[in-house]
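Here is query.cif, consisting of mmCIF, C-alpha atoms:
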data_upload
#
loop_
_atom_site.label_atom_id
_atom_site.label_comp_id
_atom_site.auth_asym_id
_atom_site.auth_seq_id
_atom_site.Cartn_x
_atom_site.Cartn_y
_atom_site.Cartn_z
CA MET A 1 41.92 87.34 89.45
CA ILE A 2 41.28 84.36 87.14
CA PRO A 3 41.94 80.66 87.79
CA ASP A 4 45.64 79.86 87.49
CA LYS A 5 44.95 76.94 85.18
CA GLU A 6 42.48 74.17 84.51
CA LEU A 7 42.21 72.05 87.62
CA ASP A 8 44.10 68.82 87.30
CA ASP A 9 45.04 66.20 89.89
CA PRO A 10 46.80 63.04 88.63
CA LYS A 11 45.60 61.16 91.71
CA VAL A 12 42.00 62.29 91.13
CA PRO A 13 41.63 62.10 87.34
CA ALA A 14 37.85 62.49 87.60
CA LEU A 15 38.34 66.10 88.71
CA ARG A 16 38.75 67.37 85.14
CA THR A 17 35.83 65.30 83.91
CA LEU A 18 33.38 66.33 86.63
CA MET A 19 34.29 70.02 86.52
CA GLY A 20 34.69 70.27 82.77
CA GLY A 21 32.56 70.00 79.66
CA GLU A 22 32.47 66.21 79.80
CA ALA A 23 30.22 66.37 82.84
CA GLY A 24 27.35 67.47 80.60
CA GLU A 25 27.82 64.42 78.41
CA LEU A 26 27.82 62.15 81.46
CA LEU A 27 24.64 63.70 82.84
CA SER A 28 22.93 63.56 79.44
CA THR A 29 23.74 59.86 79.11
CA ILE A 30 22.47 58.99 82.58
CA LEU A 31 19.27 61.04 82.45
CA GLY A 32 18.69 60.06 78.83
CA GLU A 33 18.48 56.43 79.88
CA ALA A 34 15.71 57.50 82.30
CA GLY A 35 13.80 59.32 79.55
CA GLY A 36 15.04 62.84 80.14
CA ARG A 37 16.76 65.43 77.97
CA VAL A 38 19.23 67.75 79.67
CA ARG A 39 18.69 71.38 78.77
CA SER A 40 21.40 72.83 81.01
CA HIS A 41 23.45 72.06 84.07
CA ARG A 42 25.64 73.89 86.52
CA ILE A 43 27.73 72.97 89.51
CA GLY A 44 26.09 73.59 92.87
CA GLN A 45 28.76 72.29 95.25
CA VAL A 46 32.18 70.69 95.08
CA ARG A 47 33.86 68.64 97.78
CA TYR A 48 37.43 68.10 96.65
CA VAL A 49 40.14 66.48 98.76
CA PRO A 50 43.41 66.91 96.83
CA GLY A 51 45.05 63.61 96.04
CA ARG A 52 42.06 61.60 97.26
CA SER A 53 38.55 62.29 95.98
CA VAL A 54 36.05 64.64 94.42
CA THR A 55 32.26 64.88 94.79
CA VAL A 56 30.22 67.30 92.69
CA GLN A 57 26.57 68.26 93.02
CA TYR A 58 24.87 69.52 89.86
CA ARG A 59 21.64 71.40 89.32
CA VAL A 60 20.24 70.04 86.10
CA ASP A 61 17.31 71.34 84.06
CA VAL A 62 15.61 68.36 82.42
CA VAL A 63 12.69 67.88 80.03
CA TRP A 64 11.08 64.45 80.28
CA GLN A 65 9.36 62.47 77.52
CA SER A 66 5.99 63.69 78.82
CA GLY A 67 7.13 67.25 78.13
CA LYS A 68 7.34 68.08 81.83
CA PRO A 69 10.37 70.19 82.82
CA THR A 70 12.03 69.63 86.20
CA ARG A 71 15.15 70.71 88.01
CA GLU A 72 17.10 67.78 89.36
CA VAL A 73 20.03 67.50 91.72
CA MET A 74 22.57 64.97 90.52
CA VAL A 75 25.68 63.87 92.38
CA ALA A 76 28.83 62.37 90.87
CA THR A 77 31.77 61.17 92.92
CA SER A 78 35.11 59.45 92.45
CA GLY A 79 37.73 58.32 94.89
CA ILE A 80 35.41 57.24 97.70
CA ASP A 81 33.90 53.84 98.43
CA VAL A 82 30.19 53.76 97.70
CA PRO A 83 27.65 51.16 98.87
CA ASP A 84 26.70 48.27 96.62
CA GLY A 85 23.97 49.07 94.13
CA VAL A 86 25.10 52.61 93.29
CA PRO A 87 25.46 53.00 89.50
CA VAL A 88 29.11 53.36 88.49
CA PHE A 89 30.05 54.71 85.08
CA ALA A 90 33.37 54.76 83.26
CA ALA A 91 34.45 58.07 81.75
CA ASP A 92 37.91 58.23 80.16
CA GLY A 93 38.84 55.11 82.06
CA VAL A 94 37.84 56.65 85.39
CA GLU A 95 35.09 55.14 87.52
CA ILE A 96 32.46 57.64 88.64
CA ALA A 97 29.52 56.81 90.91
CA VAL A 98 26.35 58.78 90.24
CA TRP A 99 23.03 59.20 92.02
CA ARG A 100 19.99 61.42 91.80
CA PHE A 101 18.65 63.30 94.81
CA PRO A 102 17.05 62.13 97.08
CA ASN A 103 18.44 58.62 96.48
CA ASP A 104 21.66 59.24 98.39
CA PRO A 105 23.20 55.85 99.22
CA PHE A 106 24.82 57.22 102.39
CA LEU A 107 21.58 58.77 103.70
CA PRO A 108 18.97 55.99 103.57
CA GLY A 109 16.29 58.07 105.28
CA LEU A 110 16.42 60.94 102.80
CA ALA A 111 14.19 59.51 100.09
CA LYS A 112 11.54 58.56 102.64
CA VAL A 113 11.19 61.97 104.27
CA ASN A 114 11.60 63.87 101.00
CA ASP A 115 8.38 62.26 99.79
CA PRO A 116 5.25 64.17 100.96
CA GLU A 117 3.45 60.94 101.84
CA GLY A 118 6.43 59.61 103.75
CA ALA A 119 6.82 62.93 105.57
CA ALA A 120 3.11 62.98 106.45
CA THR A 121 3.38 59.45 107.81
CA LEU A 122 6.31 60.51 109.96
CA LEU A 123 4.36 63.51 111.27
CA SER A 124 1.42 61.27 112.12
CA GLN A 125 3.72 58.96 114.04
CA LEU A 126 4.88 62.01 116.00
CA GLY A 127 1.30 62.89 116.91
CA ALA A 128 0.30 65.39 114.21
CA GLN A 129 -3.14 64.93 112.71
CA THR A 130 -2.42 65.07 109.01
CA ASP A 131 -2.42 63.03 105.83
CA ARG A 132 -0.51 65.51 103.69
CA ALA A 133 2.59 67.60 104.05
CA GLN A 134 4.78 69.98 102.13
CA VAL A 135 8.51 69.27 102.06
CA ARG A 136 11.24 71.80 101.37
CA THR A 137 14.93 71.00 101.20
CA ARG A 138 16.83 73.53 103.30
CA ALA A 139 20.31 72.06 102.98
CA TYR A 140 21.96 69.10 101.29
CA ARG A 141 25.56 68.00 101.35
CA ALA A 142 25.90 64.87 99.33
CA GLY A 143 26.78 61.80 101.33
CA ARG A 144 26.92 63.74 104.57
CA ARG A 145 23.66 65.33 105.69
CA ALA A 146 20.41 67.02 104.68
CA VAL A 147 17.92 69.28 106.42
CA LEU A 148 14.28 69.21 105.34
CA GLU A 149 11.46 71.49 106.46
CA VAL A 150 8.14 69.65 106.70
CA SER A 151 4.98 71.71 106.99
CA THR A 152 1.26 71.07 107.33
CA PRO A 153 -1.56 73.51 108.04
CA ASP A 154 -1.11 72.74 111.75
CA ALA A 155 2.51 71.75 112.25
CA GLN A 156 6.07 72.44 111.23
CA ILE A 157 9.18 70.44 112.00
CA PHE A 158 12.72 70.15 110.71
CA ILE A 159 14.19 66.78 109.88
CA LYS A 160 17.90 66.19 109.90
CA VAL A 161 19.07 63.26 107.85
CA VAL A 162 22.56 61.98 108.61
CA ARG A 163 24.51 58.80 108.15
CA PRO A 164 22.84 56.18 110.40
CA GLY A 165 25.93 55.85 112.57
CA ARG A 166 25.63 59.52 113.59
CA ALA A 167 21.93 59.62 114.45
CA ALA A 168 22.23 58.45 118.06
CA ALA A 169 24.87 61.05 118.92
CA LEU A 170 22.81 63.81 117.32
CA GLN A 171 19.73 62.72 119.24
CA GLN A 172 21.67 62.62 122.51
CA THR A 173 23.17 66.06 121.92
CA HIS A 174 19.77 67.69 121.38
CA THR A 175 18.26 65.89 124.35
CA ALA A 176 21.09 66.93 126.68
CA LEU A 177 21.39 70.55 125.54
CA SER A 178 17.66 71.28 125.38
CA GLU A 179 17.57 71.17 129.19
CA HIS A 180 19.99 74.10 129.39
CA VAL A 181 19.87 76.27 126.25
CA PRO A 182 17.13 77.07 123.69
CA VAL A 183 18.00 74.42 121.12
CA PRO A 184 15.31 72.48 119.25
CA HIS A 185 13.83 69.57 121.18
CA SER A 186 14.07 66.20 119.50
CA LEU A 187 10.61 64.90 118.61
CA GLY A 188 11.76 61.46 117.60
CA TRP A 189 14.48 59.66 115.72
CA SER A 190 15.41 56.56 113.77
CA ARG A 191 18.80 54.93 114.09
CA ASP A 192 18.38 52.79 110.96
CA GLN A 193 17.20 55.65 108.76
CA GLY A 194 19.57 58.26 110.19
CA ILE A 195 16.66 60.62 110.93
CA VAL A 196 16.17 63.07 113.79
CA ALA A 197 12.95 65.14 113.84
CA LEU A 198 13.39 68.51 115.51
CA GLN A 199 11.13 71.19 116.90
CA ALA A 200 10.79 74.36 114.80
CA LEU A 201 11.89 77.40 116.80
CA PRO A 202 10.55 80.98 116.50
CA GLY A 203 12.56 84.04 115.53
CA ARG A 204 14.86 84.94 112.68
CA THR A 205 18.57 84.48 112.36
CA LEU A 206 20.96 87.12 113.62
CA ARG A 207 22.32 87.30 110.09
CA LYS A 208 18.92 88.25 108.68
CA ALA A 209 18.46 90.82 111.43
CA LEU A 210 21.79 92.42 110.49
CA GLU A 211 21.03 92.30 106.78
CA SER A 212 17.73 94.06 107.40
CA ARG A 213 19.65 96.72 109.35
CA SER A 214 17.59 96.14 112.46
CA SER A 215 18.21 98.62 115.26
CA ARG A 216 17.38 95.97 117.86
CA LEU A 217 20.02 93.27 118.17
CA PRO A 218 21.12 91.02 121.02
CA SER A 219 23.79 92.56 123.22
CA PRO A 220 27.23 90.94 123.27
CA ALA A 221 26.49 89.94 126.87
CA ALA A 222 23.35 88.10 125.70
CA LEU A 223 25.40 86.01 123.28
CA VAL A 224 27.97 85.25 125.94
CA GLY A 225 25.11 84.26 128.26
CA LEU A 226 23.82 81.87 125.62
CA LEU A 227 27.14 80.04 125.60
CA ASP A 228 27.34 80.22 129.39
CA GLY A 229 24.19 78.13 129.49
CA PHE A 230 25.93 75.06 128.04
CA PRO A 231 26.38 72.30 130.65
CA PRO A 232 29.92 71.57 131.87
CA THR A 233 32.00 69.08 129.93
CA ASP A 234 33.21 65.76 131.32
CA ALA A 235 35.49 62.93 130.27
CA ASP A 236 32.88 61.63 127.79
CA THR A 237 32.41 64.95 125.98
CA SER A 238 33.73 64.82 122.43
CA PRO A 239 36.63 67.19 121.70
CA VAL A 240 36.03 69.84 119.05
CA SER A 241 38.95 70.94 116.90
CA GLY A 242 39.36 74.70 116.69
CA PRO A 243 39.79 76.76 113.51
CA ARG A 244 43.55 77.00 113.92
CA GLN A 245 43.82 73.21 114.12
CA ARG A 246 42.22 72.87 110.69
CA VAL A 247 44.25 75.41 108.71
CA ALA A 248 46.67 72.88 107.18
CA SER A 249 43.77 70.95 105.66
CA HIS A 250 42.24 74.14 104.25
CA ALA A 251 45.63 75.20 102.88
CA ARG A 252 45.98 71.95 100.90
CA LEU A 253 42.73 72.66 99.08
CA LEU A 254 43.42 76.37 98.58
CA SER A 255 46.93 75.67 97.27
CA ALA A 256 45.53 73.12 94.82
CA VAL A 257 42.88 75.42 93.36
CA THR A 258 44.78 78.74 93.64
CA PRO A 259 48.48 77.84 93.45
CA SER A 260 49.46 81.49 92.90
CA LEU A 261 48.50 82.09 96.56
CA SER A 262 50.66 79.25 97.89
CA GLU A 263 53.36 81.39 99.50
CA ARG A 264 50.78 83.53 101.31
CA LEU A 265 48.88 80.44 102.39
CA ASN A 266 52.02 78.83 103.81
CA ARG A 267 52.82 81.95 105.82
CA ILE A 268 49.31 81.99 107.27
CA VAL A 269 49.51 78.34 108.26
CA GLU A 270 52.92 78.81 109.86
CA ARG A 271 51.63 81.71 111.97
CA LEU A 272 48.31 80.17 112.97
CA GLU A 273 49.75 76.82 114.00
CA GLN A 274 51.96 78.49 116.63
CA ASP A 275 51.04 78.50 120.33
CA GLN A 276 47.60 76.91 120.04
CA MET A 277 45.48 76.51 123.13
CA VAL A 278 43.54 73.34 123.90
CA GLY A 279 40.58 74.02 126.17
CA SER A 280 37.94 71.97 127.95
CA ASP A 281 35.14 74.52 127.83
CA PRO A 282 31.69 73.55 126.55
CA VAL A 283 31.48 74.90 122.99
CA HIS A 284 28.96 75.05 120.18
CA GLY A 285 31.67 74.33 117.63
CA ASP A 286 30.10 76.28 114.75
CA PHE A 287 28.79 79.41 116.44
CA HIS A 288 27.79 82.08 113.93
CA SER A 289 25.03 84.47 112.93
CA SER A 290 23.01 81.92 110.92
CA GLN A 291 22.80 79.61 113.92
CA ILE A 292 21.51 82.21 116.40
CA LEU A 293 17.76 82.95 116.37
CA THR A 294 16.59 86.33 117.60
CA SER A 295 13.46 88.30 118.33
CA GLY A 296 14.42 91.94 118.60
CA SER A 297 17.17 92.13 121.19
CA ASP A 298 16.32 88.70 122.64
CA VAL A 299 18.05 85.44 121.77
CA VAL A 300 15.31 82.85 121.33
CA GLY A 301 17.12 79.88 119.80
CA LEU A 302 20.33 78.17 118.77
CA VAL A 303 20.46 75.58 116.01
CA ASP A 304 22.90 73.16 114.36
CA VAL A 305 24.43 71.86 117.56
CA ASP A 306 25.83 68.77 115.82
CA THR A 307 29.35 70.04 116.49
CA ALA A 308 28.91 70.77 120.21
CA GLY A 309 31.56 69.39 122.50
CA SER A 310 34.68 70.28 124.45
CA GLY A 311 37.03 73.01 123.25
CA ASP A 312 38.16 76.57 123.78
CA ARG A 313 35.51 79.25 124.40
CA SER A 314 37.61 81.66 122.36
CA ASP A 315 36.95 79.54 119.27
CA ASP A 316 33.19 80.12 119.50
CA PHE A 317 33.81 83.86 119.76
CA ALA A 318 36.22 83.67 116.82
CA SER A 319 33.70 81.74 114.73
CA LEU A 320 31.06 84.43 115.19
CA LEU A 321 33.48 87.25 114.39
CA GLY A 322 35.00 85.42 111.43
CA HIS A 323 31.63 84.78 109.81
CA LEU A 324 30.52 88.37 110.36
CA GLY A 325 33.72 89.68 108.83
CA THR A 326 33.41 87.42 105.81
CA LEU A 327 29.76 88.34 105.25
CA SER A 328 30.71 92.00 105.49
CA LEU A 329 32.95 91.68 102.42
CA SER A 330 29.96 91.43 100.08
CA SER A 331 26.98 92.74 102.08
CA VAL A 332 25.12 95.97 101.38
CA ALA A 333 24.80 96.16 105.18
CA ARG A 334 28.57 96.12 105.61
CA ARG A 335 28.61 98.98 108.09
CA ASP A 336 26.04 97.20 110.25
CA PHE A 337 28.09 93.99 110.26
CA ASP A 338 31.29 95.89 111.06
CA ARG A 339 29.67 98.00 113.80
CA TYR A 340 28.18 94.96 115.50
CA GLY A 341 31.46 93.08 115.17
CA ALA A 342 33.28 95.92 116.89
CA GLU A 343 30.81 95.75 119.80
CA LEU A 344 31.42 92.03 120.09
CA ILE A 345 35.20 92.37 120.06
CA ALA A 346 35.08 94.90 122.88
CA GLU A 347 33.19 92.37 125.03
CA PHE A 348 35.12 89.27 123.98
CA ASP A 349 38.50 90.94 124.58
CA ARG A 350 37.55 91.22 128.26
CA LEU A 351 36.86 87.50 128.51
CA VAL A 352 39.59 85.79 126.48
CA ASP A 353 43.11 86.48 125.27
CA PRO A 354 42.78 89.22 122.60
CA ILE A 355 45.76 87.93 120.60
CA GLY A 356 44.50 84.36 120.54
CA LEU A 357 41.03 85.61 119.67
CA ARG A 358 42.30 87.47 116.59
CA LEU A 359 44.37 84.52 115.44
CA GLY A 360 41.28 82.35 115.86
CA VAL A 361 39.25 84.75 113.73
CA ALA A 362 41.96 84.55 111.06
CA GLY A 363 41.68 80.75 111.19
CA VAL A 364 37.90 80.89 110.76
CA ILE A 365 38.15 83.23 107.76
CA PHE A 366 40.91 81.07 106.28
CA GLY A 367 38.53 78.11 106.40
CA LEU A 368 35.75 80.20 104.86
CA ALA A 369 38.13 81.07 102.01
CA THR A 370 37.42 77.58 100.64
CA GLY A 371 33.73 78.52 100.24
CA PRO A 372 33.85 80.42 96.92
CA PHE A 373 35.42 77.40 95.20
CA ARG A 374 33.14 74.93 96.96
CA VAL A 375 29.97 76.62 95.72
CA GLN A 376 31.61 77.75 92.47
CA LEU A 377 30.87 81.46 92.68
CA ALA A 378 31.21 83.21 89.34
CA LYS A 379 34.38 84.99 90.46
CA TRP A 380 35.55 82.44 92.98
CA PRO A 381 39.32 83.01 92.56
CA ALA A 382 38.96 86.73 93.32
CA ASP A 383 36.58 86.05 96.21
CA THR A 384 39.04 83.49 97.58
CA GLU A 385 41.87 86.01 97.50
CA ARG A 386 39.74 88.62 99.29
CA ARG A 387 39.08 86.21 102.14
CA VAL A 388 42.74 85.22 102.35
CA ALA A 389 43.64 88.92 102.52
CA LEU A 390 41.10 89.43 105.32
CA ALA A 391 42.64 86.57 107.29
CA GLU A 392 46.04 88.23 106.85
CA ARG A 393 44.68 91.49 108.26
CA TRP A 394 43.46 89.71 111.39
CA ILE A 395 46.89 88.15 111.83
CA ASP A 396 48.44 91.60 111.48
CA SER A 397 46.05 92.87 114.15
CA ALA A 398 47.15 90.09 116.51
CA ASP A 399 50.80 90.76 115.85
CA THR A 400 50.30 94.46 116.51
CA LEU A 401 48.90 93.65 119.93
CA SER A 402 51.78 91.29 120.72
CA ALA A 403 54.48 93.77 119.63
#

What would the structure in this file look like if it were written as structure tokens?
Amino acid sequence: MIPDKELDDPKVPALRTLMGGEAGELLSTILGEAGGRVRSHRIGQVRYVPGRSVTVQYRVDVVWQSGKPTREVMVATSGIDVPDGVPVFAADGVEIAVWRFPNDPFLPGLAKVNDPEGAATLLSQLGAQTDRAQVRTRAYRAGRRAVLEVSTPDAQIFIKVVRPGRAAALQQTHTALSEHVPVPHSLGWSRDQGIVALQALPGRTLRKALESRSSRLPSPAALVGLLDGFPPTDADTSPVSGPRQRVASHARLLSAVTPSLSERLNRIVERLEQDQMVGSDPVHGDFHSSQILTSGSDVVGLVDVDTAGSGDRSDDFASLLGHLGTLSLSSVARRDFDRYGAELIAEFDRLVDPIGLRLGVAGVIFGLATGPFRVQLAKWPADTERRVALAERWIDSADTLSA
């Protein structure tokens, strides 16, 4: 499967520029003014909201006047309001804001903790005896969040950098949950900088354990027990939208980038939006194999609890199954993923409605179908279709049960 056509959105004219050949010219102009020569560039991530905005992260190989080569992360965006002081360039009459990592205008704390001296200062303030640190970027979503790993010979922490308005809620979530489940303890935070420093937990992710074909994995009951440890919700607990509640948004993007799938996408949305349940259970909100830390058959940690709140327990089960099923599509350990998934389904079916569970899994996979485009996989249209087809199979499974 190849792209239907060159992406074009009259309401987001920058889309063609930022995802086409003109992006190289824009990057060369910007980095050239700073004394760099662009050798190559490629898209790392795309956040596209049809009819509204586009944000593109690039990985750019640059040679500076000194002769030193570096790899830079550049971000270009159009259609969103950016803070004052962000450089804005005109390309084909379209205004495009551009910044260079780590100088993200929405994440004021990022540049500070990305600097080894700044990170060492932060560690010292937290009680570590050090004047130097190594910093590794573990995740970065432009304008939204970053995760940095900071290490010294004697200490290791993870720093989440978010928009300042979200830091207090993130801090409170970790503080509240750490009394009940093995989530990282908060070591300190800054409201103004949007920084929360978190304890490093032991273990490896369940995903890595499956990929290594480990014979010792947590039992389904152990994973259920992990979720059972969450404290009860109350009137102040934030609601978490389930995967079936988000399918219309995912369909708008998928229809825009793969219009040949539109009829299939519409049928999926129509089916998944029927008979949705709204629960008040405590939920993780993004429960999957890369969030669960294991040591053999023991669960030793749970990370990325930013999305925790009130929802339907079935959605957490569906998230785990949906991610496993999607990973299985391209993993050399496919049989291991599928076998473990089957064990989980047998347990989950006893605890929640099996039909709703399968429809939830379809919703999760439908959302993950946006991933190949977002990270611009080499064969993203074909990978997108494979995920859409997998979501359809889960819907068929639900309909078979309801027949």

Go through the shown structure with the PyMOL selection byres ((chain A and resi 265-267) around 8) and write out the matching residues as a count of residues only. 12

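Proximity ranking of A:Gly322, A:Gly356, A:Pro231, A:Gly93 relative to Ala342 in chain A places A:Gly322 first, based on all atoms listed in the file.
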
All residues 7 Å or closer to range 212-225 of chain A, all atoms listed in the file, same chain fewer than 5 positions away omitted, as a list in words: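 My list of contacting residues is Gly296, Ser297, Asp298, Val299, Ala333, Asp336, Glu343, Leu344 and Glu347 of chain A.
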
Output of the above residues as a short mmCIF file (atom, residue, chain, number, x, y, z; two decimals), in the coordinates of the input, restricted to C-alpha atoms:
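Result written to part.cif:
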data_model
loop_
_atom_site.label_atom_id
_atom_site.label_comp_id
_atom_site.auth_asym_id
_atom_site.auth_seq_id
_atom_site.Cartn_x
_atom_site.Cartn_y
_atom_site.Cartn_z
CA GLY A 296 14.42 91.94 118.60
CA SER A 297 17.17 92.13 121.19
CA ASP A 298 16.32 88.70 122.64
CA VAL A 299 18.05 85.44 121.77
CA ALA A 333 24.80 96.16 105.18
CA ASP A 336 26.04 97.20 110.25
CA GLU A 343 30.81 95.75 119.80
CA LEU A 344 31.42 92.03 120.09
CA GLU A 347 33.19 92.37 125.03
#

Measuring atom to atom with all atoms listed in the file, identify which of A:His284, A:Arg334, A:Arg246, A:Arg191 is nearest to Thr173 in chain A.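 So, comparing all the options, the nearest one is A:His284.
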
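When all atoms listed in the file are used to measure the gap to Leu7 in chain A, the shortest distance among A:Ala403, A:Ala256, A:Val305, A:Val73 belongs to A:Ala256.
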
Could you check which of A:Ser314, A:Thr137, A:Gln376, A:Thr326 is closest to Leu351 in chain A, using only C-alpha atoms?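 Of the candidates, the smallest distance to Leu351 in chain A is held by A:Ser314.
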
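Comparing the minimum interatomic distances between Ala389 in chain A and each of A:Ala248, A:Leu329, A:Ile355, A:Val60, counting only C-alpha atoms, we find that A:Leu329 sits nearest.
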
One decimal, in Å: what's the spacing between CA of Asp349 in chain A and CA of Ser241 in chain A?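 Answer for the CA of Asp349 in chain A to CA of Ser241 in chain A separation: 21.4 Å.
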
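Distances to Ala169 in chain A were evaluated for A:Ala76, A:Ala90, A:Ile292, A:Ala308 using all atoms listed in the file, and the minimum falls at A:Ala308.
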
Leu31 in chain A surroundings by all atoms listed in the file, 10 Å radius, close-in-sequence under 4 positions cut, as JSON, numbers by chain: {"A": [26, 27, 35, 36, 37, 38, 60, 62, 63, 64, 72, 74, 100]}

Residues within 6 Å of Leu206 in chain A, please, as a PyMOL selection string. Count all atoms listed in the file; anything in the same chain fewer than 2 positions from it doesn't count. chain A and resi 208-209+289+292-294

Evaluate the PyMOL selection byres ((chain A and resi 357-369) around 8) against this structure - the residues, as a PyMOL selection string, please. chain A and resi 242-244+246-247+250+254+272+314-315+317-319+321-323+325-326+349+352-356+370-372+383-385+387-388+390-395+397-398
